[in-house]
$ cat protein38.cif   # mmCIF, C-alpha atoms and all ligand atoms
data_work
#
loop_
_atom_site.label_atom_id
_atom_site.label_comp_id
_atom_site.auth_asym_id
_atom_site.auth_seq_id
_atom_site.Cartn_x
_atom_site.Cartn_y
_atom_site.Cartn_z
CA MET A 2 9.60 9.03 14.61
CA GLN A 3 9.01 5.63 16.17
CA LEU A 4 9.22 2.55 13.99
CA ILE A 5 6.71 -0.24 14.55
CA PRO A 6 7.66 -3.74 13.40
CA CYS A 7 4.99 -5.12 11.05
CA PRO A 8 5.37 -8.91 10.87
CA TRP A 9 4.83 -8.82 7.10
CA CYS A 10 6.34 -5.49 5.92
CA GLY A 11 9.09 -5.01 8.47
CA PRO A 12 9.69 -1.80 10.41
CA ARG A 13 7.54 1.15 9.33
CA GLU A 14 6.79 4.58 10.70
CA GLN A 15 4.09 4.79 13.37
CA THR A 16 1.91 7.03 11.17
CA GLU A 17 1.22 4.01 8.94
CA PHE A 18 -0.52 2.20 11.82
CA HIS A 19 -3.71 2.37 13.80
CA TYR A 20 -3.92 1.24 17.39
CA GLY A 21 -6.37 -1.54 18.19
CA GLY A 22 -6.24 -1.69 21.97
CA GLN A 23 -5.52 -4.62 24.24
CA ALA A 24 -4.97 -7.97 22.56
CA ASP A 25 -6.47 -11.29 23.58
CA VAL A 26 -9.83 -9.93 24.78
CA ALA A 27 -12.04 -12.94 24.11
CA TYR A 28 -15.61 -12.43 22.87
CA PRO A 29 -18.05 -13.88 25.41
CA ASP A 30 -19.29 -17.39 24.61
CA ASP A 31 -22.88 -16.43 25.34
CA PRO A 32 -23.24 -12.61 25.21
CA ALA A 33 -26.97 -12.73 25.89
CA ALA A 34 -26.35 -14.38 29.25
CA LEU A 35 -24.20 -11.53 30.56
CA THR A 36 -25.47 -8.93 32.96
CA ASP A 37 -25.12 -5.28 31.95
CA GLU A 38 -22.20 -4.99 34.31
CA GLN A 39 -20.42 -8.02 32.83
CA TRP A 40 -21.05 -6.71 29.32
CA ALA A 41 -19.65 -3.29 30.28
CA HIS A 42 -16.56 -5.02 31.60
CA PHE A 43 -16.11 -6.82 28.29
CA VAL A 44 -16.68 -3.69 26.19
CA PHE A 45 -14.95 -0.97 28.21
CA PHE A 46 -12.60 -2.41 30.81
CA ARG A 47 -8.98 -2.88 29.80
CA ASP A 48 -5.73 -3.59 31.57
CA ASN A 49 -3.44 -0.63 32.07
CA PRO A 50 -0.12 -2.19 33.03
CA LYS A 51 3.11 -0.37 33.68
CA GLY A 52 5.39 -2.53 31.59
CA PRO A 53 4.87 -5.04 28.75
CA PHE A 54 1.37 -4.88 27.25
CA ALA A 55 0.02 -7.12 24.46
CA GLU A 56 -1.74 -4.95 21.88
CA ARG A 57 -3.47 -5.13 18.51
CA TRP A 58 -2.09 -2.98 15.70
CA PHE A 59 -3.41 -2.41 12.18
CA HIS A 60 -0.97 -1.61 9.37
CA SER A 61 -3.52 0.58 7.64
CA ALA A 62 -1.20 2.36 5.20
CA GLY A 63 0.73 -0.80 4.27
CA CYS A 64 -0.31 -4.44 4.07
CA ARG A 65 -3.67 -3.71 5.72
CA THR A 66 -3.47 -6.55 8.22
CA TRP A 67 -3.98 -6.73 11.97
CA PHE A 68 -1.26 -8.13 14.15
CA ARG A 69 -0.41 -8.56 17.80
CA ALA A 70 2.65 -7.05 19.44
CA VAL A 71 3.96 -6.54 22.94
CA ARG A 72 4.94 -2.97 23.82
CA ASP A 73 6.48 -1.74 27.04
CA THR A 74 4.27 1.11 28.22
CA ARG A 75 7.14 2.69 30.16
CA THR A 76 9.51 3.01 27.20
CA TYR A 77 7.21 2.59 24.15
CA ALA A 78 9.68 -0.05 22.97
CA PHE A 79 8.23 -3.02 21.11
CA LEU A 80 9.58 -6.28 22.42
CA PRO A 81 11.79 -7.84 19.74
CA GLY A 82 10.10 -10.77 18.03
CA SER A 83 6.72 -10.08 19.66
CA SER A 84 4.93 -9.07 16.43
CA ALA A 85 2.80 -11.82 14.93
CA MET B 27 -22.59 9.00 -29.80
CA THR B 28 -21.70 5.65 -28.29
CA ALA B 29 -19.36 4.99 -25.42
CA ASP B 30 -16.65 3.43 -27.55
CA LEU B 31 -15.99 6.75 -29.24
CA LEU B 32 -14.71 8.15 -25.97
CA ALA B 33 -10.94 8.30 -25.79
CA PRO B 34 -9.37 7.49 -22.42
CA VAL B 35 -7.90 10.55 -20.75
CA HIS B 36 -5.37 10.26 -17.96
CA LEU B 37 -6.78 11.31 -14.63
CA LEU B 38 -3.91 13.78 -14.25
CA ASP B 39 -4.05 15.05 -17.83
CA ALA B 40 -4.40 18.63 -16.57
CA TRP B 41 -0.99 18.24 -14.88
CA ARG B 42 0.77 16.76 -17.91
CA ALA B 43 2.15 20.05 -19.26
CA ARG B 44 3.60 21.00 -15.87
CA PHE B 45 5.37 17.64 -15.55
CA GLU B 46 6.71 18.04 -19.09
CA ASP B 47 7.99 21.55 -18.31
CA LEU B 48 9.72 20.22 -15.22
CA THR B 49 11.32 17.35 -17.11
CA VAL B 50 12.59 19.70 -19.85
CA GLU B 51 13.84 22.26 -17.35
CA LEU B 52 15.80 19.71 -15.31
CA ALA B 53 17.20 17.79 -18.27
CA GLY B 54 20.99 17.59 -18.07
CA ARG B 55 21.08 19.16 -14.61
CA HIS B 56 19.30 16.92 -12.18
CA ASP B 57 18.19 13.98 -14.26
CA LEU B 58 14.57 13.74 -13.23
CA ALA B 59 11.60 12.92 -15.42
CA ILE B 60 8.00 12.58 -14.27
CA THR B 61 5.57 11.10 -16.77
CA LEU B 62 2.02 9.85 -16.77
CA ALA B 63 1.37 6.24 -17.71
CA PRO B 64 -2.02 5.17 -19.05
CA SER B 65 -4.05 3.26 -16.52
CA THR B 66 -4.58 -0.43 -17.15
CA ALA B 67 -7.20 -3.00 -16.34
CA ALA B 68 -6.55 -4.12 -12.77
CA LEU B 69 -7.98 -6.76 -10.48
CA ALA B 70 -7.64 -6.86 -6.71
CA VAL B 71 -7.16 -10.51 -5.84
CA ARG B 72 -7.75 -11.81 -2.33
CA VAL B 73 -6.65 -15.35 -1.59
CA ALA B 74 -7.18 -17.47 1.52
CA PRO B 75 -3.96 -18.41 3.36
CA GLY B 76 -2.20 -21.31 1.68
CA ALA B 77 -4.32 -21.14 -1.48
CA ALA B 78 -2.00 -18.93 -3.54
CA ALA B 79 -0.64 -21.83 -5.60
CA VAL B 80 -4.10 -23.00 -6.72
CA ALA B 81 -5.35 -19.44 -7.23
CA GLU B 82 -2.35 -18.81 -9.46
CA VAL B 83 -3.45 -21.64 -11.73
CA ALA B 84 -7.07 -20.50 -11.79
CA LEU B 85 -5.96 -16.95 -12.55
CA GLY B 86 -3.35 -17.86 -15.15
CA VAL B 87 -0.97 -15.31 -13.66
CA PRO B 88 1.91 -15.92 -11.22
CA LEU B 89 1.32 -14.71 -7.66
CA PRO B 90 4.69 -13.95 -6.07
CA THR B 91 4.99 -15.37 -2.57
CA ARG B 92 7.77 -13.18 -1.16
CA PRO B 93 6.38 -10.19 0.79
CA LEU B 94 6.52 -6.89 -1.12
CA ALA B 95 7.60 -8.56 -4.37
CA TRP B 96 6.12 -8.12 -7.83
CA GLU B 97 6.59 -9.94 -11.10
CA PRO B 98 5.96 -8.93 -14.68
CA THR B 99 3.34 -11.10 -16.34
CA LEU B 100 2.76 -11.68 -20.04
CA ARG B 101 0.66 -8.53 -20.32
CA GLY B 102 1.05 -6.64 -17.06
CA GLN B 103 2.12 -6.90 -13.47
CA SER B 104 1.37 -9.08 -10.46
CA LEU B 105 2.06 -7.23 -7.21
CA HIS B 106 2.03 -8.75 -3.73
CA LEU B 107 0.43 -6.08 -1.52
CA GLY B 108 -0.37 -7.99 1.66
CA PRO B 109 -0.34 -11.50 3.11
CA ASP B 110 -3.55 -12.39 1.26
CA GLU B 111 -3.73 -9.61 -1.31
CA TRP B 112 -2.39 -9.12 -4.83
CA LEU B 113 -2.95 -6.51 -7.53
CA VAL B 114 -2.93 -7.96 -11.04
CA THR B 115 -2.84 -5.66 -14.07
CA ASP B 116 -3.31 -6.33 -17.77
CA VAL B 117 -2.42 -3.70 -20.35
CA ALA B 118 -4.15 -5.64 -23.12
CA ALA B 119 -7.52 -6.24 -21.47
CA THR B 120 -10.06 -4.07 -23.28
CA SER B 121 -12.77 -4.67 -20.72
CA ALA B 122 -11.84 -5.08 -17.08
CA ALA B 123 -15.45 -5.94 -16.29
CA ALA B 124 -15.31 -8.88 -18.69
CA TRP B 125 -11.98 -9.98 -17.24
CA GLU B 126 -13.47 -9.85 -13.76
CA ALA B 127 -16.51 -11.81 -14.94
CA VAL B 128 -14.43 -14.75 -16.18
CA THR B 129 -11.91 -14.62 -13.33
CA ARG B 130 -14.34 -14.37 -10.45
CA PRO B 131 -16.00 -17.82 -10.78
CA ALA B 132 -12.66 -19.52 -11.46
CA LEU B 133 -11.21 -18.01 -8.28
CA ALA B 134 -14.34 -18.58 -6.21
CA ALA B 135 -13.86 -22.31 -6.78
CA VAL B 136 -10.56 -22.15 -4.88
CA GLY B 137 -11.70 -19.79 -2.12
CA ALA B 138 -10.34 -16.60 -3.68
CA ALA B 139 -11.93 -13.42 -4.98
CA ALA B 140 -11.22 -10.87 -7.69
CA SER B 141 -12.60 -7.35 -8.00
CA ASP B 142 -12.21 -4.90 -10.87
CA VAL B 143 -10.30 -1.93 -9.46
CA SER B 144 -9.21 -0.42 -12.78
CA ALA B 145 -10.58 2.99 -11.85
CA GLN B 146 -8.83 2.97 -8.49
CA TYR B 147 -5.34 4.18 -9.42
CA ALA B 148 -3.56 6.84 -11.38
CA ASP B 149 -0.14 5.72 -12.66
CA LEU B 150 2.88 8.06 -12.54
CA ARG B 151 6.47 7.23 -13.45
CA LEU B 152 9.60 8.81 -12.04
CA GLN B 153 12.86 8.30 -13.84
CA GLY B 154 16.41 9.53 -13.42
CA ARG B 155 19.00 9.64 -10.68
CA ALA B 156 17.10 12.27 -8.67
CA ALA B 157 13.86 10.25 -8.55
CA ARG B 158 14.81 8.33 -5.42
CA GLU B 159 15.86 11.46 -3.56
CA LEU B 160 12.69 13.29 -4.60
CA LEU B 161 10.50 10.51 -3.21
CA SER B 162 12.54 10.30 -0.02
CA PHE B 163 11.57 13.91 0.77
CA GLY B 164 8.12 12.56 1.67
CA CYS B 165 8.51 8.81 2.08
CA ALA B 166 10.08 7.13 5.10
CA LEU B 167 11.02 3.88 3.35
CA ASP B 168 14.66 3.18 2.69
CA LEU B 169 14.53 3.49 -1.10
CA ARG B 170 18.16 2.64 -1.76
CA PRO B 171 18.52 -0.30 -4.17
CA ALA B 172 19.80 -2.62 -1.45
CA SER B 173 16.48 -2.50 0.39
CA PHE B 174 14.03 -1.27 -2.26
CA GLY B 175 15.34 -2.74 -5.46
CA PRO B 176 13.74 -3.72 -8.73
CA ARG B 177 10.77 -6.07 -8.42
CA THR B 178 9.89 -4.58 -5.03
CA CYS B 179 6.58 -2.88 -4.30
CA ALA B 180 5.16 -1.38 -1.12
CA ARG B 181 2.11 0.49 0.00
CA THR B 182 3.26 3.35 2.16
CA LEU B 183 2.80 7.08 2.72
CA LEU B 184 4.10 9.83 0.45
CA GLY B 185 3.46 13.12 2.19
CA GLN B 186 -0.04 12.73 3.59
CA SER B 187 -1.25 10.30 0.92
CA GLY B 188 -1.15 6.55 0.73
CA VAL B 189 0.65 5.34 -2.39
CA LEU B 190 1.72 2.08 -3.95
CA LEU B 191 5.39 2.41 -4.81
CA VAL B 192 6.82 -0.01 -7.37
CA GLY B 193 10.52 -0.40 -8.23
CA HIS B 194 11.50 -1.30 -11.79
CA ASP B 195 14.62 -2.91 -13.24
CA ASP B 196 15.97 0.30 -14.78
CA GLY B 197 15.75 2.32 -11.56
CA GLU B 198 12.37 3.73 -12.54
CA PHE B 199 9.77 4.24 -9.82
CA GLN B 200 6.12 3.60 -10.58
CA LEU B 201 3.71 5.46 -8.33
CA LEU B 202 0.15 4.15 -8.15
CA VAL B 203 -2.08 6.67 -6.39
CA ARG B 204 -5.73 6.45 -5.43
CA THR B 205 -7.75 8.59 -7.81
CA SER B 206 -9.02 10.91 -5.09
CA PHE B 207 -5.45 11.59 -3.90
CA ALA B 208 -3.92 11.90 -7.39
CA GLY B 209 -4.17 15.69 -7.53
CA TYR B 210 -2.57 16.02 -4.11
CA VAL B 211 0.32 13.74 -5.06
CA ALA B 212 0.85 15.56 -8.37
CA ALA B 213 1.02 18.86 -6.49
CA TRP B 214 3.29 17.33 -3.87
CA LEU B 215 5.73 16.04 -6.51
CA LEU B 216 5.94 19.41 -8.24
CA ASP B 217 6.42 21.17 -4.92
CA ALA B 218 9.15 18.74 -3.85
CA ALA B 219 10.87 19.21 -7.22
CA GLU B 220 11.13 22.97 -6.60
CA GLU B 221 14.33 21.97 -4.78
CA TYR B 222 15.97 21.32 -8.14
CA ARG B 223 14.64 24.22 -10.23
ZN ZN A 301 2.48 -4.40 7.08
#
$ encode --input "protein38.cif" --output "structure tokens"
Amino acid sequence: MQLIPCPWCGPREQTEFHYGGQADVAYPDDPAALTDEQWAHFVFFRDNPKGPFAERWFHSAGCRTWFRAVRDTRTYAFLPGSSA
Amino acid sequence: MTADLLAPVHLLDAWRARFEDLTVELAGRHDLAITLAPSTAALAVRVAPGAAAVAEVALGVPLPTRPLAWEPTLRGQSLHLGPDEWLVTDVAATSAAAWEAVTRPALAAVGAAASDVSAQYADLRLQGRAARELLSFGCALDLRPASFGPRTCARTLLGQSGVLLVGHDDGEFQLLVRTSFAGYVAAWLLDAAEEYR
């Protein structure tokens, strides 16, 4: 089973984690000013790179904190030192 | 009848005889004992980043700073569960609600919070040389003393259930299980111990 590096607990089995999607998606400064299309882009549209991808992960069965990590979508490997 | 006539019963009291049978049966062969420990008053303490030192003073209990560390206190344990989360127990507190009531305002003044979670956990103890192996049948942590030694605690999975695993000085493992999962974990332990019977 794959190990995911939690910045606080260290490496733990993937079953202890929940996936939180793409990282660094900023909440709009003025949501009310967005068109429906712009809002849909914020809510639903995500990058789908082939290669390193910055993601949010939640260590739900451990320290119960969210963190950010970079994972290579081709190999599933987490980039060393990318968890924070 | 008033409430103070009620005697506390361990959540897993119905399993006690089966754990005792197991312990007797394995004595001298596999060195494994599973016992039930009475639950204690417990507070979940949440502290803002950087405020642990002041919260410690307000609480009157040390809050260990190293991740996954715990310390004995005068009357219980102080366990570091997450970056901003501790579990503090007190075996002598007769009323956890009263303890919470005095602690909460003191902690609020330093940006921290305490909640009475005494009813949250059932407390099991595993002793003997086979205890570590038994747990490793369903727990992915490296439980060897070099990485999970005394004064270490970790929330993790045992089988399908979340548990709080606590290492003690004498090689004993303390298993704190959410009340709703306690029956599952008791059954899991007995099933895993079939290996030795
Ligand atoms: Zn963690």
$ closest_residue --input "protein38.cif" --among "A:His42, A:Arg47, A:Arg65, A:His19" --to "chain B" --atoms "all atoms listed in the file"
A:Arg65
$ closest_residue --input "protein38.cif" --among "A:Leu35, A:Val71, A:Ala85, A:Leu80" --to "ligand ZN 301 (chain A)" --atoms "only C-alpha atoms and all ligand atoms"
A:Ala85
$ residues_near_ligand --input "protein38.cif" --ligand "ligand ZN 301 (chain A)" --cutoff "8 Å" --atoms "all atoms listed in the file" --output "VMD selection string"
(chain A and resid 7 to 11 13 60 to 66) or (chain B and resid 108)
$ closest_residue --input "protein38.cif" --among "B:Arg151, B:Leu167, B:Ser187, B:Ala134" --to "Pro12 (chain A)" --atoms "all atoms listed in the file"
B:Leu167
$ interface_residues --input "protein38.cif" --of "chain B" --to "chain A" --cutoff "9 Å" --atoms "only C-alpha atoms" --output "JSON, numbers by chain"
{"B": [93, 94, 107, 108, 109, 111, 166, 167, 180, 181, 182, 183, 188, 189, 190]}
$ closest_residue --input "protein38.cif" --among "B:Ala84, B:Asp116, B:Gly54, B:Pro64" --to "Ala33 (chain B)" --atoms "all atoms listed in the file"
B:Pro64
$ residues_around --input "protein38.cif" --residues "Val50 (chain B)" --least-positions-apart "5" --cutoff "12 Å" --atoms "only C-alpha atoms" --output "ChimeraX atom specification"
/B:43-45,55-61,223
